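Have a look at the structure below, then the notes.
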Amino acid sequence: MCALFLSVSAQTSRSYALSFAYAPFKSATATRAFSSEQRKKHALSALRRQCAADACPSGGSPRLGRILGNFGRSNSGAFGLGRLASTSGMSITRPATLAPLELELKSQMDVTHDAFELVRKDVVEEYGAYCSLYRHVRTGAEVLSVSADDDNKVFGITFRTPPNDSTGVPHVLEHSVLCGSRKYPTKEPFVELIKGSLNTFLNAFTYPDRTCYPVASQNTKDFYNLVNVYLDAVLHPRCVSDPMVLAQEGWHLELEDKDEPLTYKGVVYNEMKGVYSSSDSLLTRESMRSLFPDTTYGVDSGGDPAIIPTLSFEAFRTFHEKFYHPGNSRIFFYGDDLVEDRLRIIDEYLSEFEASPTSKLGSMVNWQKKIFEKPRKEIHPYPAGADQPEHMVNVNWLLNDAPFTAFDELALNLLDHLLVGTSSSTLYKALMESGLGDAITGGGLSDELLQGTFSIGLKGIQPENVEAVEKLVFDVLKKAAEEGFAEDDIAASMNTVEFTLREFNTGSFPKGLSFMLGAMSKWIYEADPTEALKFEQPLAELKASIAASGSKVFQELIQKLLIENTHRVTIEMVPSKTMEDEQVKEEQSRLKKIKDLLSEEEVEGIMETTKELKRLQAAEDSPESVATIPSLELEDLDRKTKEYPIEVDDDDVSGVKIIRHELSSTSGIAYVDFGVDLSSVPLSDAPLLSLLTRLMIEAGTTDLTDVELSRKIGTHTGGINANIAKISVEPEGTEEFAVVDGMHMMTKMFIRGKSTADNCGELFDLMTLILTDTDLDVQKKVIEILKEKRSGIESNIQGAGHSYANMRIQSRYGVSGHIEEALSGISSLDITKELLAQAEDSWPAFLSRLESLRANILSSSLRSGALLNLTGDKKVMLTIKPSVDTFLGGLPGSPDGEKVQNFYKVQHPWAIQAAAEMKAAGPLEDEGFIVPTQVSYVGKGGRLYDIGDKVSGAAMVASRYLRNTYLWDQVRVIGGAYGGFCTFDPKSGLFTFLSYRDPNLATTIDAYDGAGDALAEAAEEIADRPEVLAKAIIGMVGDLDGALSADQKGWVSMQRYLGGEAPETRQARRDQILETTAEDFRDFARRLKELKDPSVAVVSSKGQFEASGKVLKLTELL
């Protein structure tokens, strides 16, 4: 998918890119998990990755897009829905619904409205969802109304929007419709909602064949405000009558001086230049194009930068007229609001439209027939740096040219898990252990569009090994087709898939949105939306088939869909060190030809249009226009901070601190986090910790191979993973709200897992095993992991350079940032290369380091520094108690062992060492990092508050306001970057400006330098317009009050406790936020203008640095 604003824009498991409308960069927090790579074997979408970022890690993640939607595919975290009855022994149970509530939900299925026909009713018992499908009589629009015991209400309207070219028109339109409408005539109502809403989701995204506009909120008034704005935006947008919107969001020719060269500008244009700078994205694009030569999936709905400038206003307007009619829409509601209110508001918007039978017919997505008589191969270049000689290969299949049955879809998902679901899965393991490449590409099955695909390959391949990769893929598949899969492997994959289905995890995102996306995977193609959400019957059928004939069903699928399937394309990507320069020169040549053909009058016209567009972009909306946007009042807010249950027990028997979070229901699932102290590990060995956590899950033990360990994890648990957490703590005696120096922290290695309460004994046994008995003498596995990490860092710097610029800046001002940058930032690339060289050339010495590292962790002080964090309901806690006691009793060391230092009193050894390194590093320098890219990631930051200064919660309001006003306007709207934002950490007092997929460099830095003056001016406006301040406060409270899943509540509560911040302090900070004044904005503005020791970090191309005129210390990274 592609979308309106900032995306984390990762490569997706699908064969298409996903980004989304608004995903503001998450500011650095006092707690940061920075290890275990957090890699997802299938490179899931940006949306999925953000969803899973804070959730409990797991051992595997089956892709179940057809069934659960994007979010449900995660096996991380929990949402505790379960089901009513299980066809297996798995005891995940949906919380019992009180009879009156169940009756009320059921009664909502019978609600009628004169403007709607009730087509059918259905209950998705798996998730306690009561569904009614309506058809609007006048327009033919379909409405799926889902009533559920969930106050996180979700609305979405989706249009089928298949493009026939790569101008990116559906993507540009998705940006543009949210730029003003008939009822809401501001420049960008979307931004006004961002400023002052309690939304738990506010976004839009473009698939290859549909465009979705979802919103969510736990506040009913706020929810319907969002619904109103979105409905008017898509049905009556300003953009179809104002070409300036297309110019801003899509593309335009820009010229301010007739003697200067023409340039292309536009948000989507620059966004997609960033996408097309990524080798992973280019590989995926070529794979998709080659598989679908005859249908809409063969073009890029996001837009090809070389083709976007051919999009005319007439084609843009016609696309909206054709596809954005209510008759071509699918409208979705979910939650505990009243169905009659849903139908009423929909009819208010639809009643003025007439039927349009051609709208739906004209948007039908055609099937790509399997027409290749023999497999094909294509070779394409990708922009590479001087140190990137490696090739990339993807083998891609089109799986079906007719609908799959529900049985087939579930069987394919299980097969996908068997092949590539974990590091020990058959195909994944063979490719990674082959040594032919550095990292997996493709990710396996993609099943969220009309037709499924399967893609797999490697990157980081030497040219002479390209054919060997393709041969290996087929050798593994042929062997699997002939020999099948072991019974234990099938059982482990089945348990993992079933656990995911029943747990229905959506992380911190609304589960109703996952419900919507799952339904849409069928509904958008004229099939039954609720059938896409049911899994009991196909699951029972699949289990019966496996019981009767073992792995035969999977062998037949491999044979038919992969081995015998000639509709297959192998894509090889070849590094080109000249491609980036060639693209720049081609664009310059094209623009020169355009200008040479222009008359003087036409040149003057472009200059006048440029001037007018900038005037409009800089103009403020009138107070009257802004007042049309519905908003909450301060009185609508809950003044109390959200707190989660916590009970802390310093267990005398085991010597381990036990933290319990007893929730009302976790559906029979226990969430377990076991942490051990790392303070005795030298900082020089800290980079090895992420490797160790990977080995703990993937390397096997003394008695278990890696495959056997993976089987046990999959069979008995919902997933286990390990990561490193660095938690800043407030030293004893710290004044409330004071900035700290970061010298006091906790460093823990957490083993995190989940299982049903009945299986918790197995979970604890496995945790003990991987903590104490991991096989470290696995040179091949170590090299494999380090190569994969190196490749991942290189790709991420190109695609998410803003986060690396941010870490680099933060590293200059405090020990916490210095440590994090070394472990996860730009510095980690060289460190990883050094570790790889040592592992390859000096294995005995490297192994000795690993063994010493583990021995250090398992020292006599283990129990003193250990903690066990448990989250579950009352029944779960009672059930797992014997297993907890056994686990604690079997830990290494004794309760009377050496004690870990109290880091609330003493400085952490890592902090002491980091401070020494920073002192020796010399003065601050502005830095630029050169990578192959067509865009820039520009960062600037410094110290806003000195250590010891007190920071009011009001400062967070001012920072958020700056991000959503001045930076949005200057960097994104006027500058054309895909994102412009800032981060502020009240604990450290540090502030950073950042941009994302930015066509500019110097002008962006200049914009940052003007932020203080702009905020000072805004403060005077705020003093005269209390409604503006109220909106800023409401938006900040919305950020604080996001919905969390059960495991996230336990994890957040533990972090708060360890950090040393009392509930009373959080409440006082909330009070400060609610009482923010214009004077608080003035103070923040003064500090911005006096930002201390500011410095710059930029990720960009060599050409951009040379053209910028800025003096930076340049380093060529790739």
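For the structure tokens, the naming scheme is as follows: chains receive sequential letters (A, B, ...) according to their order of presentation, residues are indexed from 1 within each chain, and ligands are indexed from 1 in presentation order.
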
From the DSSP assignment of the backbone, select every residue of stretch 217-425 of chain A that is helix (DSSP H, G or I), and format the answer as JSON, numbers by chain.
{"A": [220, 221, 222, 223, 224, 225, 226, 227, 228, 229, 230, 231, 232, 233, 234, 235, 238, 239, 240, 243, 244, 245, 246, 247, 248, 249, 267, 268, 269, 270, 271, 272, 273, 274, 275, 279, 280, 281, 282, 283, 284, 285, 286, 287, 288, 289, 290, 291, 296, 297, 298, 308, 309, 310, 313, 314, 315, 316, 317, 318, 319, 320, 321, 322, 323, 326, 327, 328, 339, 340, 341, 342, 343, 344, 345, 346, 347, 348, 349, 350, 357, 358, 359, 360, 361, 362, 406, 407, 408, 409, 410, 411, 412, 413, 414, 415, 416, 417, 418, 419, 420]}

Polymer residues at most 10 Å from stretch 710-716 of chain A, only C-alpha atoms, same-chain spacing of 6 or more positions, as a ChimeraX atom specification
/A:58-60,90,422-425,488-497,499,697-700,704,753-756,758-763,766-767

Kindly provide the residues of stretch 130-203 of chain A that approach stretch 302-320 of chain A to within 7 Å, each paired with its closest atom pair and their distance in Å to one decimal, based on only C-alpha atoms, listed by chain and increasing number, as JSON lines.
```
{"residue": "A:Ser166", "atom": "CA", "partner": "A:Gly303", "partner_atom": "CA", "distance": 4.8}
{"residue": "A:Thr167", "atom": "CA", "partner": "A:Ile308", "partner_atom": "CA", "distance": 4.2}
{"residue": "A:Gly168", "atom": "CA", "partner": "A:Gly303", "partner_atom": "CA", "distance": 3.5}
{"residue": "A:Val169", "atom": "CA", "partner": "A:Phe316", "partner_atom": "CA", "distance": 6.2}
{"residue": "A:His171", "atom": "CA", "partner": "A:Gly302", "partner_atom": "CA", "distance": 5.2}
```

Extract, using only C-alpha atoms, all DNA, RNA and protein residues at most 12 Å from stretch 290-294 of chain A, discarding same-chain residues fewer than 6 positions from it, and format them as an NGL selection string.
:A and (15-16 or 164-165 or 208 or 283-284 or 300 or 365-372 or 375-380 or 394-401 or 450-455 or 566-572)

Can you pull out every residue from stretch 672-844 of chain A that DSSP, working from the backbone, puts in strand (DSSP E or B), and format the result as a PyMOL selection string?
chain A and resi 672-677+701+719-728+738+745-756+774

Which neighbours of A:Gly928 fall inside 6 Å, counting only C-alpha atoms, when residues of the same chain fewer than 4 positions from it are skipped, and could you give them as a list in words?
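Counting only the stated atoms, we get Ala1097, Val1098, Val1099, Leu1112, Lys1113 and Leu1114 of chain A.
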
Can you spit out the residues from that selection as an mmCIF file, in the first residue's frame, using C-alpha atoms?
```cif
data_model
loop_
_atom_site.group_PDB
_atom_site.id
_atom_site.type_symbol
_atom_site.label_atom_id
_atom_site.label_comp_id
_atom_site.auth_asym_id
_atom_site.auth_seq_id
_atom_site.Cartn_x
_atom_site.Cartn_y
_atom_site.Cartn_z
ATOM 1 C CA ALA A 1097 23.029 14.633 10.796
ATOM 2 C CA VAL A 1098 21.835 13.909 7.260
ATOM 3 C CA VAL A 1099 21.481 10.732 5.205
ATOM 4 C CA LEU A 1112 29.318 18.693 6.736
ATOM 5 C CA LYS A 1113 31.775 15.953 7.555
ATOM 6 C CA LEU A 1114 30.878 13.374 4.890
#
```

Two-atom distance - atom CA of A:Lys657, atom CA of A:Met696 (Å)
22.9 Å

Exercise: stretch 1051-1056 of chain A partners within 10 Å, only C-alpha atoms, chain neighbours under 2 positions left out, as an mmCIF file with N, CA and C atoms, in the first residue's frame:
```cif
data_model
loop_
_atom_site.group_PDB
_atom_site.id
_atom_site.type_symbol
_atom_site.label_atom_id
_atom_site.label_comp_id
_atom_site.auth_asym_id
_atom_site.auth_seq_id
_atom_site.Cartn_x
_atom_site.Cartn_y
_atom_site.Cartn_z
ATOM 1 N N ALA A 30 12.419 6.829 27.302
ATOM 2 C CA ALA A 30 13.430 6.457 28.287
ATOM 3 C C ALA A 30 13.744 4.981 28.235
ATOM 4 N N THR A 31 12.826 4.213 27.666
ATOM 5 C CA THR A 31 13.035 2.771 27.577
ATOM 6 C C THR A 31 13.143 2.376 26.122
ATOM 7 N N ASP A 54 5.685 -2.925 19.834
ATOM 8 C CA ASP A 54 5.688 -2.912 21.288
ATOM 9 C C ASP A 54 5.095 -4.181 21.878
ATOM 10 N N ALA A 55 4.793 -5.154 21.006
ATOM 11 C CA ALA A 55 4.130 -6.350 21.494
ATOM 12 C C ALA A 55 5.140 -7.401 21.911
ATOM 13 N N CYS A 56 4.674 -8.378 22.655
ATOM 14 C CA CYS A 56 5.535 -9.472 23.101
ATOM 15 C C CYS A 56 6.041 -10.252 21.905
ATOM 16 N N GLU A 643 -3.818 3.888 34.635
ATOM 17 C CA GLU A 643 -2.889 3.043 35.367
ATOM 18 C C GLU A 643 -3.312 1.585 35.227
ATOM 19 N N TYR A 644 -2.333 0.700 35.289
ATOM 20 C CA TYR A 644 -2.614 -0.719 35.115
ATOM 21 C C TYR A 644 -2.236 -1.480 36.383
ATOM 22 N N PRO A 645 -2.924 -2.575 36.659
ATOM 23 C CA PRO A 645 -2.665 -3.304 37.916
ATOM 24 C C PRO A 645 -1.212 -3.741 38.042
ATOM 25 N N ILE A 646 -0.679 -3.613 39.232
ATOM 26 C CA ILE A 646 0.692 -4.066 39.477
ATOM 27 C C ILE A 646 0.846 -4.452 40.940
ATOM 28 N N GLU A 647 1.515 -5.584 41.142
ATOM 29 C CA GLU A 647 1.846 -6.054 42.487
ATOM 30 C C GLU A 647 3.289 -6.531 42.459
ATOM 31 N N VAL A 648 4.133 -5.977 43.319
ATOM 32 C CA VAL A 648 5.559 -6.289 43.323
ATOM 33 C C VAL A 648 5.904 -7.104 44.562
ATOM 34 N N ILE A 659 6.851 -9.429 39.527
ATOM 35 C CA ILE A 659 5.898 -8.353 39.261
ATOM 36 C C ILE A 659 4.676 -8.984 38.599
ATOM 37 N N ARG A 660 3.524 -8.776 39.195
ATOM 38 C CA ARG A 660 2.289 -9.378 38.671
ATOM 39 C C ARG A 660 1.317 -8.294 38.230
ATOM 40 N N HIS A 661 0.633 -8.575 37.117
ATOM 41 C CA HIS A 661 -0.407 -7.687 36.610
ATOM 42 C C HIS A 661 -1.651 -8.536 36.385
ATOM 43 N N TYR A 671 1.232 -14.280 29.960
ATOM 44 C CA TYR A 671 2.309 -13.537 29.306
ATOM 45 C C TYR A 671 3.454 -13.413 30.299
ATOM 46 N N VAL A 672 4.609 -13.906 29.895
ATOM 47 C CA VAL A 672 5.736 -14.042 30.821
ATOM 48 C C VAL A 672 6.958 -13.310 30.266
ATOM 49 N N ASP A 673 7.539 -12.450 31.086
ATOM 50 C CA ASP A 673 8.778 -11.763 30.745
ATOM 51 C C ASP A 673 9.783 -12.028 31.860
ATOM 52 N N ALA A 725 16.783 -4.719 26.834
ATOM 53 C CA ALA A 725 16.115 -3.461 27.165
ATOM 54 C C ALA A 725 17.031 -2.605 28.015
ATOM 55 N N ILE A 727 16.713 0.656 30.294
ATOM 56 C CA ILE A 727 15.657 1.428 30.941
ATOM 57 C C ILE A 727 16.288 2.525 31.788
ATOM 58 N N SER A 728 16.074 3.767 31.399
ATOM 59 C CA SER A 728 16.568 4.884 32.193
ATOM 60 C C SER A 728 15.770 4.980 33.487
ATOM 61 N N VAL A 729 16.465 5.181 34.593
ATOM 62 C CA VAL A 729 15.780 5.257 35.884
ATOM 63 C C VAL A 729 16.103 6.595 36.540
ATOM 64 N N LEU A 868 10.766 -11.365 37.275
ATOM 65 C CA LEU A 868 9.786 -12.148 36.535
ATOM 66 C C LEU A 868 8.513 -11.310 36.447
ATOM 67 N N ASN A 869 8.140 -10.946 35.227
ATOM 68 C CA ASN A 869 6.973 -10.100 34.981
ATOM 69 C C ASN A 869 5.844 -10.964 34.421
ATOM 70 N N LEU A 870 4.739 -11.056 35.153
ATOM 71 C CA LEU A 870 3.632 -11.944 34.791
ATOM 72 C C LEU A 870 2.364 -11.143 34.538
ATOM 73 N N THR A 871 1.704 -11.436 33.428
ATOM 74 C CA THR A 871 0.430 -10.795 33.118
ATOM 75 C C THR A 871 -0.598 -11.867 32.808
ATOM 76 N N LEU A 1044 -4.171 -0.419 24.637
ATOM 77 C CA LEU A 1044 -3.104 -1.405 24.732
ATOM 78 C C LEU A 1044 -3.695 -2.803 24.860
ATOM 79 N N SER A 1045 -2.995 -3.779 24.327
ATOM 80 C CA SER A 1045 -3.391 -5.171 24.509
ATOM 81 C C SER A 1045 -2.977 -5.627 25.908
ATOM 82 N N ALA A 1046 -3.411 -6.808 26.293
ATOM 83 C CA ALA A 1046 -3.166 -7.291 27.654
ATOM 84 C C ALA A 1046 -1.679 -7.364 27.969
ATOM 85 N N ASP A 1047 -0.892 -7.947 27.078
ATOM 86 C CA ASP A 1047 0.531 -8.076 27.352
ATOM 87 C C ASP A 1047 1.225 -6.724 27.366
ATOM 88 N N GLN A 1048 0.752 -5.797 26.544
ATOM 89 C CA GLN A 1048 1.344 -4.463 26.532
ATOM 90 C C GLN A 1048 1.081 -3.735 27.848
ATOM 91 N N LYS A 1049 -0.090 -3.938 28.409
ATOM 92 C CA LYS A 1049 -0.385 -3.317 29.706
ATOM 93 C C LYS A 1049 0.601 -3.799 30.771
ATOM 94 N N LEU A 1058 9.947 0.155 36.998
ATOM 95 C CA LEU A 1058 11.406 0.111 37.011
ATOM 96 C C LEU A 1058 12.005 1.502 36.809
ATOM 97 N N GLY A 1059 11.351 2.331 36.003
ATOM 98 C CA GLY A 1059 11.867 3.673 35.766
ATOM 99 C C GLY A 1059 11.830 4.564 36.985
ATOM 100 N N GLY A 1060 11.031 4.174 37.966
ATOM 101 C CA GLY A 1060 10.998 4.914 39.221
ATOM 102 C C GLY A 1060 10.032 6.067 39.249
ATOM 103 N N GLU A 1061 9.180 6.175 38.242
ATOM 104 C CA GLU A 1061 8.209 7.266 38.228
ATOM 105 C C GLU A 1061 6.918 6.826 38.899
ATOM 106 N N ALA A 1062 6.467 7.564 39.863
ATOM 107 C CA ALA A 1062 5.278 7.211 40.634
ATOM 108 C C ALA A 1062 4.005 7.584 39.881
ATOM 109 N N PRO A 1063 2.901 6.876 40.152
ATOM 110 C CA PRO A 1063 1.621 7.238 39.538
ATOM 111 C C PRO A 1063 1.254 8.698 39.792
ATOM 112 N N ARG A 1066 2.883 10.851 37.215
ATOM 113 C CA ARG A 1066 2.204 10.788 35.916
ATOM 114 C C ARG A 1066 0.922 11.617 35.942
#
```

Within 9 Å of stretch 348-361 of chain A, counting only C-alpha atoms, which residues qualify if same-chain residues fewer than 6 places away don't, as a VMD selection string?
chain A and resid 115 136 to 141 160 228 231 to 232 235 321 to 329

Quick one: of A:Asp1013, A:Pro261, A:Arg963, A:Val240, who's nearest to A:Met1036, counting only C-alpha atoms?
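Of the candidates, the smallest distance to A:Met1036 is held by A:Arg963.
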
Extract, using only C-alpha atoms, all DNA, RNA and protein residues at most 8 Å from A:Gln617, discarding same-chain residues fewer than 2 positions from it, and format them as a PyMOL selection string.
chain A and resi 613-615+619+969+973-974

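Distances here use only C-alpha atoms; by that measure, the residue among A:Ala955, A:Val268, A:Met607, A:Leu539 closest to A:Leu414 is A:Leu539.
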
For A:Ala627, the nearest of the candidates A:Thr186, A:Ser952, A:Ser1108, A:Thr772, counting only C-alpha atoms
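Of A:Thr186, A:Ser952, A:Ser1108, A:Thr772, the one nearest A:Ala627 is A:Thr186, counting only C-alpha atoms.
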
Could you check which of A:Arg849, A:Arg135, A:Lys726, A:Lys511 is closest to A:Asn152, using only C-alpha atoms?
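Result for the nearest residue to A:Asn152: A:Lys511.
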
Rounded to one decimal in Å, what is the spacing between atom CA of A:Leu427 and atom CA of A:Leu786?
19.4 Å
